[in-house]
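Coordinates as given in run.cif (mmCIF, C-alpha atoms):
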data_input
#
loop_
_atom_site.label_atom_id
_atom_site.label_comp_id
_atom_site.auth_asym_id
_atom_site.auth_seq_id
_atom_site.Cartn_x
_atom_site.Cartn_y
_atom_site.Cartn_z
CA MET A 1 0.00 0.00 0.00
CA THR A 2 1.20 3.49 -0.87
CA ALA A 3 -0.38 6.33 1.11
CA THR A 4 -1.75 9.39 -0.65
CA ARG A 5 -3.69 12.41 0.53
CA ASP A 6 -6.89 10.47 -0.15
CA THR A 7 -5.90 7.55 2.09
CA THR A 8 -7.94 7.47 5.31
CA VAL A 9 -6.22 8.25 8.59
CA ASN A 10 -6.72 4.71 9.88
CA GLU A 11 -5.30 3.25 6.67
CA LYS A 12 -2.27 5.47 7.17
CA ALA A 13 -2.06 4.34 10.79
CA ARG A 14 -2.13 0.71 9.67
CA LEU A 15 0.61 1.40 7.13
CA PHE A 16 2.65 3.29 9.73
CA ARG A 17 2.26 0.36 12.12
CA SER A 18 3.61 -2.02 9.47
CA TYR A 19 6.80 0.01 9.15
CA HIS A 20 7.75 -1.01 12.70
CA GLU A 21 8.11 -4.62 11.57
CA GLY A 22 11.49 -3.60 10.14
CA LEU A 23 13.63 -0.53 10.71
CA LEU A 24 11.83 2.81 10.47
CA VAL A 25 13.88 5.98 9.98
CA LEU A 26 11.58 8.84 10.90
CA PRO A 27 12.63 12.45 10.15
CA ASN A 28 10.86 15.18 12.12
CA ALA A 29 9.12 18.19 10.58
CA TRP A 30 7.86 21.42 12.14
CA ASP A 31 5.69 23.00 9.46
CA ALA A 32 4.00 22.17 6.17
CA CYS A 33 6.94 23.10 3.96
CA SER A 34 9.52 21.16 5.99
CA ALA A 35 7.20 18.15 5.85
CA ALA A 36 6.87 18.47 2.07
CA MET A 37 10.65 18.58 1.70
CA ILE A 38 11.08 15.53 3.94
CA GLU A 39 8.52 13.60 1.89
CA ARG A 40 10.30 14.69 -1.29
CA ALA A 41 13.53 13.28 0.17
CA GLY A 42 11.88 9.87 0.28
CA ALA A 43 10.70 9.45 3.86
CA PRO A 44 8.00 6.77 4.20
CA ALA A 45 6.56 8.59 7.22
CA ILE A 46 7.14 11.82 9.14
CA GLY A 47 7.16 12.67 12.82
CA THR A 48 6.54 16.13 14.19
CA SER A 49 8.90 17.77 16.66
CA SER A 50 6.93 19.59 19.35
CA ALA A 51 9.95 21.73 20.24
CA ALA A 52 10.53 22.80 16.64
CA VAL A 53 6.81 23.49 16.14
CA SER A 54 6.90 25.65 19.26
CA TRP A 55 9.93 27.60 18.01
CA ALA A 56 8.26 28.19 14.64
CA LEU A 57 5.26 29.61 16.52
CA GLY A 58 7.41 31.89 18.64
CA ARG A 59 7.23 29.86 21.84
CA PRO A 60 9.72 27.80 23.88
CA ASP A 61 9.44 24.05 24.17
CA GLY A 62 7.35 22.47 26.91
CA GLU A 63 3.61 22.69 26.15
CA HIS A 64 3.74 26.47 25.71
CA VAL A 65 1.64 26.38 22.54
CA GLY A 66 -1.20 24.29 23.94
CA ARG A 67 -3.35 21.51 22.55
CA ASP A 68 -5.26 23.47 19.91
CA ALA A 69 -2.23 25.23 18.42
CA MET A 70 -0.27 21.98 18.29
CA ALA A 71 -3.20 20.18 16.64
CA ALA A 72 -3.45 23.00 14.08
CA ALA A 73 0.24 22.54 13.28
CA VAL A 74 -0.28 18.79 12.89
CA HIS A 75 -3.20 19.50 10.55
CA ARG A 76 -1.02 21.70 8.33
CA ILE A 77 1.79 19.12 8.29
CA ALA A 78 -0.47 16.15 7.61
CA GLY A 79 -2.26 18.10 4.90
CA ALA A 80 1.01 18.84 3.11
CA VAL A 81 2.03 15.21 2.60
CA GLY A 82 0.62 11.85 1.60
CA VAL A 83 2.72 9.75 3.98
CA PRO A 84 1.67 8.91 7.55
CA VAL A 85 2.39 11.57 10.17
CA SER A 86 3.04 10.88 13.85
CA ALA A 87 2.23 13.79 16.17
CA ASP A 88 4.44 14.70 19.11
CA VAL A 89 1.82 15.66 21.70
CA GLU A 90 4.34 16.20 24.52
CA GLY A 91 2.75 15.18 27.84
CA GLY A 92 -0.80 15.21 26.47
CA TYR A 93 -1.62 18.80 27.54
CA GLY A 94 -2.84 17.94 30.99
CA PRO A 95 -2.07 15.43 33.73
CA GLY A 96 -5.17 13.27 33.59
CA ALA A 97 -6.32 10.47 31.35
CA GLY A 98 -9.17 12.71 30.17
CA ASP A 99 -6.68 15.35 29.07
CA VAL A 100 -4.83 12.79 26.98
CA ALA A 101 -8.08 11.50 25.46
CA ALA A 102 -9.07 15.03 24.44
CA THR A 103 -5.66 15.57 22.85
CA VAL A 104 -5.82 12.32 20.91
CA GLU A 105 -9.27 13.18 19.59
CA VAL A 106 -8.12 16.50 18.15
CA VAL A 107 -4.83 15.28 16.65
CA VAL A 108 -6.50 12.26 15.07
CA GLY A 109 -9.01 14.69 13.63
CA ALA A 110 -6.04 16.69 12.36
CA GLY A 111 -4.76 13.66 10.46
CA ALA A 112 -2.26 12.03 12.83
CA ALA A 113 -1.59 8.32 12.24
CA GLY A 114 0.50 8.07 15.41
CA ILE A 115 1.33 9.96 18.57
CA ASN A 116 4.34 10.39 20.82
CA LEU A 117 3.23 10.67 24.48
CA GLU A 118 5.61 11.54 27.34
CA ASP A 119 5.48 10.33 30.93
CA SER A 120 7.01 13.62 32.09
CA PRO A 121 4.50 16.13 33.46
CA GLY A 122 6.82 19.10 33.57
CA PRO A 123 10.34 20.50 33.26
CA ALA A 124 13.54 18.63 33.98
CA GLY A 125 13.72 17.70 37.62
CA SER A 126 9.98 17.09 37.99
CA PRO A 127 8.97 13.57 39.02
CA LEU A 128 7.58 11.45 36.20
CA HIS A 129 4.01 10.23 36.23
CA PRO A 130 3.89 7.02 38.27
CA PRO A 131 3.89 3.98 35.96
CA GLY A 132 0.30 3.09 36.81
CA ALA A 133 -0.95 6.61 36.14
CA GLN A 134 0.91 6.76 32.85
CA ALA A 135 -0.51 3.38 31.87
CA GLU A 136 -4.01 4.80 32.46
CA ARG A 137 -3.15 7.77 30.24
CA ILE A 138 -1.92 5.43 27.48
CA ALA A 139 -5.09 3.33 27.76
CA ALA A 140 -7.13 6.53 27.46
CA ALA A 141 -5.21 7.45 24.29
CA ARG A 142 -5.92 4.01 22.86
CA ALA A 143 -9.64 4.23 23.65
CA ALA A 144 -9.94 7.78 22.33
CA ALA A 145 -8.30 6.82 19.04
CA ALA A 146 -10.70 3.91 18.60
CA GLY A 147 -13.64 6.15 19.41
CA ALA A 148 -12.43 8.62 16.78
CA GLY A 149 -12.31 5.92 14.11
CA VAL A 150 -8.55 5.32 14.20
CA PRO A 151 -8.11 2.12 16.22
CA ASP A 152 -4.75 1.45 14.57
CA LEU A 153 -3.20 4.70 15.82
CA VAL A 154 0.44 3.99 16.70
CA VAL A 155 1.13 5.03 20.29
CA ASN A 156 4.82 5.70 20.92
CA ALA A 157 5.25 5.81 24.70
CA ARG A 158 8.10 8.12 25.65
CA THR A 159 9.75 7.70 29.03
CA ASP A 160 12.05 10.43 30.30
CA VAL A 161 13.92 8.35 32.87
CA PHE A 162 17.24 8.90 31.07
CA PHE A 163 16.42 12.29 29.53
CA HIS A 164 15.67 13.83 32.94
CA GLN A 165 18.18 11.59 34.74
CA VAL A 166 15.63 10.28 37.18
CA GLY A 167 16.84 8.32 40.20
CA ASP A 168 20.04 6.37 40.73
CA PRO A 169 21.92 5.95 37.42
CA ALA A 170 22.45 2.26 38.18
CA GLY A 171 18.73 1.67 38.37
CA ARG A 172 17.53 3.65 35.37
CA LEU A 173 17.53 0.81 32.85
CA ASP A 174 15.54 -1.43 35.18
CA GLU A 175 13.06 1.41 35.68
CA VAL A 176 12.65 1.83 31.92
CA ILE A 177 12.15 -1.92 31.44
CA ALA A 178 9.50 -2.00 34.18
CA ARG A 179 7.70 1.00 32.71
CA ALA A 180 7.85 -0.50 29.23
CA GLY A 181 5.99 -3.58 30.44
CA ARG A 182 3.23 -1.49 32.02
CA TYR A 183 2.96 0.76 29.00
CA ALA A 184 2.77 -2.15 26.57
CA GLU A 185 0.01 -3.77 28.60
CA ALA A 186 -1.91 -0.49 28.46
CA GLY A 187 -1.73 -0.37 24.67
CA ALA A 188 1.56 1.29 23.75
CA ASP A 189 2.96 0.10 20.43
CA CYS A 190 6.56 1.21 20.86
CA LEU A 191 8.87 2.76 23.43
CA PHE A 192 10.90 5.95 23.07
CA VAL A 193 13.79 6.54 25.50
CA PRO A 194 15.41 9.91 24.71
CA GLY A 195 18.78 10.37 26.34
CA LEU A 196 19.71 6.70 25.99
CA LEU A 197 22.29 6.22 23.26
CA ASP A 198 24.62 3.75 24.97
CA LEU A 199 24.62 0.85 22.51
CA GLY A 200 25.22 -1.78 25.17
CA LEU A 201 22.28 -0.59 27.26
CA LEU A 202 20.12 -0.38 24.14
CA ARG A 203 20.94 -4.00 23.32
CA THR A 204 19.83 -5.02 26.80
CA LEU A 205 16.69 -2.92 26.56
CA THR A 206 15.59 -4.09 23.13
CA ALA A 207 16.02 -7.71 24.19
CA ALA A 208 14.03 -7.18 27.39
CA VAL A 209 10.93 -5.24 26.30
CA PRO A 210 7.94 -6.58 24.34
CA ILE A 211 7.56 -3.63 21.95
CA PRO A 212 9.86 -1.95 19.40
CA VAL A 213 12.29 0.63 20.76
CA ASN A 214 12.66 4.12 19.31
CA ALA A 215 16.02 5.83 19.74
CA GLY A 216 16.88 9.41 18.91
CA SER A 217 19.78 10.30 16.63
CA PHE A 218 19.91 13.98 17.52
CA PHE A 219 23.39 15.20 16.72
CA ALA A 220 26.40 14.74 14.48
CA GLY A 221 28.91 12.25 15.85
CA GLY A 222 26.32 10.17 17.68
CA PRO A 223 25.48 6.56 16.88
CA THR A 224 24.51 6.03 13.26
CA VAL A 225 21.25 4.44 12.16
CA ALA A 226 23.17 1.26 11.32
CA MET A 227 24.71 1.13 14.80
CA LEU A 228 21.34 1.66 16.46
CA ALA A 229 19.76 -1.01 14.27
CA GLU A 230 22.52 -3.46 15.22
CA ALA A 231 21.61 -2.80 18.86
CA GLY A 232 18.04 -3.88 18.13
CA VAL A 233 16.44 -0.46 17.71
CA ARG A 234 13.51 -0.53 15.27
CA ARG A 235 12.68 3.17 14.99
CA VAL A 236 15.09 6.11 14.74
CA SER A 237 13.92 9.72 14.89
CA VAL A 238 15.88 12.96 14.85
CA GLY A 239 13.86 15.31 17.07
CA THR A 240 14.93 18.92 16.56
CA ALA A 241 18.03 18.07 14.49
CA LEU A 242 16.61 19.02 11.08
CA ALA A 243 15.03 22.22 12.43
CA GLY A 244 18.35 23.08 14.06
CA ALA A 245 20.15 22.52 10.76
CA ALA A 246 17.65 24.74 8.93
CA TYR A 247 17.94 27.58 11.44
CA THR A 248 21.72 27.26 11.44
CA ALA A 249 21.69 27.58 7.66
CA VAL A 250 19.68 30.82 8.05
CA LEU A 251 22.15 32.11 10.62
CA ARG A 252 25.23 31.32 8.51
CA ALA A 253 23.70 32.75 5.30
CA ALA A 254 22.61 35.93 7.09
CA GLU A 255 26.03 36.34 8.66
CA ALA A 256 27.71 35.95 5.26
CA PHE A 257 25.29 38.36 3.57
CA LEU A 258 25.76 41.02 6.24
CA ARG A 259 29.53 40.55 6.20
CA ASP A 260 30.27 40.03 2.49
CA GLY A 261 27.19 41.35 0.74
CA ASP A 262 26.59 38.18 -1.27
CA LEU A 263 24.36 35.14 -1.09
CA ASP A 264 26.94 32.52 -1.94
CA ALA A 265 25.95 30.65 1.22
CA THR A 266 22.55 29.91 -0.34
CA ALA A 267 23.99 28.14 -3.39
CA GLY A 268 22.18 24.88 -4.07
CA SER A 269 19.06 25.88 -2.15
CA VAL A 270 15.64 24.62 -3.17
CA SER A 271 14.20 27.31 -5.43
CA PRO A 272 11.31 29.57 -4.38
CA LEU A 273 9.33 28.19 -7.32
CA GLU A 274 9.74 24.62 -6.03
CA LEU A 275 8.76 25.62 -2.51
CA ASP A 276 5.76 27.57 -3.74
CA GLY A 277 4.78 24.66 -5.95
CA ALA A 278 4.81 22.30 -2.98
CA MET A 279 2.49 24.62 -1.05
CA ARG A 280 0.22 25.08 -4.09
CA ARG A 281 -0.20 21.32 -4.27
CA THR A 282 -1.01 21.34 -0.56
CA ALA A 283 -3.61 24.06 -1.03
CA ALA A 284 -5.11 22.20 -3.99
CA GLY A 285 -5.37 19.01 -1.96
#
Write-out of the structure in C-alpha cells:
Amino acid sequence: MTATRDTTVNEKARLFRSYHEGLLVLPNAWDACSAAMIERAGAPAIGTSSAAVSWALGRPDGEHVGRDAMAAAVHRIAGAVGVPVSADVEGGYGPGAGDVAATVEVVVGAGAAGINLEDSPGPAGSPLHPPGAQAERIAAARAAAAGAGVPDLVVNARTDVFFHQVGDPAGRLDEVIARAGRYAEAGADCLFVPGLLDLGLLRTLTAAVPIPVNAGSFFAGGPTVAMLAEAGVRRVSVGTALAGAAYTAVLRAAEAFLRDGDLDATAGSVSPLELDGAMRRTAAG
C-alpha cells in the first residue's frame, strides 16, 4: 500500500504500524513546507517535533503552545504530505487520562496516524508520572483513538527516565524496562527513550521489552542508524536536528550576507518556485 492524501487516517495508521516490523527511519518536521521537503527526500513517514513546532510559533518548548495550536500545526503538516504523520503531543496537555483523550481526539481529527506521548508532566527535575498513572493515560489514548475511528493509531510511549536523569543511574535501565511492560500492557505500540544512546544498554533494553524501541539520533557524531539497528532499535527519529540545521543555515547565510554582501551561502538551495509549488499542491489538496 502506498499512502496518498486520499488515504484514510486509519489506513495510514495501519501502514505506519507495518513500518515497525522492520527498521523505520523517521525524520521530524515542524511546518507544512519542511514536511513536504522531507517527503520529497523519500521518507515513508514523518514525525513532528513539538519543540521545533513551538519555536516556529514563537514559543519555547514544553507545552507552551497548547493543545489546539499543536493540533493545528499537525493539521497543516499532515495536509502537506501523503505519507503517515506521527504527532508529538508532549505530555498530552494535561495530567489526567481525560486530558490525553481530548488531545488524541483533536490530533486524530487533524490527520495524525500516530502519537508520541511523554510520561514527564513538567520540566527537567519534575517527578515522572507514576507507571500506573501513565498506563491509564496510554489506555485513554488508545480508547480515544478507537472512538475517533482510528483504532490502529500507533502510540509511541516516551519515558524520560534517562532524559531527565531520574533516580540512581544504576537503576535507570531497570526502571525503563519496568515502565515498558506497564505501557505495553496499556496499549503502547513502541517505546521511546530519549537520552539513551549507549549501545550496550540499548541491546539489553531491546532484548528485554515486548515492543519496538525508538532511539533518537539527535546530533552529528552520535550513533549512526546502522549502529542503532545493530543494537536492536527498530525506529530512529531525529527530534529537533533538522530544524536546528535549517535555522543554522539561516544564521550562517545571514552572517555571510551582512559581512560580504553576497548570497553565496545559499547556493544549491531549493528554489522559491519549487517551494511555492509544494504549497500550491497542498492548497489544492
>> Please enumerate the residues selected by the PyMOL selection byres ((chain A and resi 189) around 6) when evaluated against the supplied file, formatted as JSON, numbers by chain.
In response: {"A": [154, 155, 156, 188, 190]}
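Restricting the calculation to only C-alpha atoms, the smallest distance between Arg40 (chain A) and any of A:Val233, A:Ala278, A:Ile211, A:Leu197 is found for A:Ala278.
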> What is the distance, in Å and to one decimal place, between CA of Arg179 (chain A) and CA of Ala13 (chain A)?
Replying inline: 24.2 Å
>> So that I can see what lies close to Ala36 (chain A), please list as a list in words the residues with an atom at most 10 Å from it, counting only C-alpha atoms and leaving out residues fewer than 2 positions away in the same chain.
In response: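 That gives Ala29, Asp31, Ala32, Cys33, Ser34, Ile38, Glu39, Arg40, Ala41, Ala43, Ile46, Ile77, Ala78, Gly79, Ala80, Val81, Gly82, Val83, Leu275, Ala278, Met279, Arg281 and Thr282 of chain A.
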>> Between CA of Ala71 (chain A) and CA of Val106 (chain A), what distance in Å does the model show, to one decimal?
In response: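 Separation of CA of Ala71 (chain A) and CA of Val106 (chain A): 6.3 Å.
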> For the file shown, what are the residues hit by the PyMOL selection byres ((chain A and resi 217) around 8), laid out as a ChimeraX atom specification?
Replying inline: /A:215-216,218-219,222-225,236-239
> For this file, the PyMOL selection byres ((chain A and resi 140) around 8) selects which residues, as an MDAnalysis selection string?
Replying inline: chainID A and resid 97:98 100:101 136:139 141:144
>> Which residues are near Arg182 (chain A)? Cut-off 8 Å, all atoms listed in the file, ignore same chain within fewer than 4 positions. Put them as a PyMOL selection string.
In response: chain A and resi 131-132+135+178+186
> From the list A:Thr8, A:Glu21, A:Ile177, A:Ala243, which residue is nearest Ser54 (chain A) when using all atoms listed in the file?
Replying inline: A:Ala243
> Distance CA of Pro121 (chain A)-CA of Thr159 (chain A), one decimal place?
Replying inline: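 Computed distance, CA of Pro121 (chain A) to CA of Thr159 (chain A), equals 10.9 Å.
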>> Given all atoms listed in the file as the basis, pick out the residue of A:Pro151, A:Pro84, A:Gly62, A:Pro95 nearest to Gly187 (chain A).
In response: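 Closest to Gly187 (chain A), using all atoms listed in the file: A:Pro151.
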> Neighbours of Leu57 (chain A) within 12 Å (all atoms listed in the file; same-chain residues fewer than 2 positions away dropped), as number ranges by chain?
Replying inline: A: 30-31, 50-55, 59-61, 63-66, 69-70, 72-73
Quick one: write out the picked residues with C-alpha atoms as a compact mmCIF listing (two decimals), in the coordinates of the input?
# COMPACT_ATOMS: atom_id res chain seq x y z
CA TRP A 30 7.86 21.42 12.14
CA ASP A 31 5.69 23.00 9.46
CA SER A 50 6.93 19.59 19.35
CA ALA A 51 9.95 21.73 20.24
CA ALA A 52 10.53 22.80 16.64
CA VAL A 53 6.81 23.49 16.14
CA SER A 54 6.90 25.65 19.26
CA TRP A 55 9.93 27.60 18.01
CA ARG A 59 7.23 29.86 21.84
CA PRO A 60 9.72 27.80 23.88
CA ASP A 61 9.44 24.05 24.17
CA GLU A 63 3.61 22.69 26.15
CA HIS A 64 3.74 26.47 25.71
CA VAL A 65 1.64 26.38 22.54
CA GLY A 66 -1.20 24.29 23.94
CA ALA A 69 -2.23 25.23 18.42
CA MET A 70 -0.27 21.98 18.29
CA ALA A 72 -3.45 23.00 14.08
CA ALA A 73 0.24 22.54 13.28
>> Just checking: using only C-alpha atoms, which residue out of A:Leu258, A:Leu273, A:Ala241, A:Val104 ends up closest to Val150 (chain A)?
In response: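 Answer, going by the shortest atom-to-atom distance: A:Val104.
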> Of the residues A:Leu201, A:Val107, A:Val213, A:Leu24, which is the one nearest to Arg158 (chain A), using all atoms listed in the file?
Replying inline: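 Checking each candidate against Arg158 (chain A), we get A:Val213 as the closest.
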>> For a quick check of understanding, using all atoms listed in the file, which of A:Leu202, A:Val166, A:Val25, A:Val250 has the smallest distance to His129 (chain A)?
In response: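 Checking each candidate against His129 (chain A), we get A:Val166 as the closest.
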> Could you list as a list in words every residue that has an atom within 12 Å of (13.7, 4.8, 41.7), using the file's coordinates and counting all atoms listed in the file?
Replying inline: Pro127, Leu128, Pro130, Pro131, Val161, Phe162, Gln165, Val166, Gly167, Asp168, Pro169, Ala170, Gly171, Arg172, Leu173, Asp174, Glu175, Val176, Ala178 and Arg179 of chain A
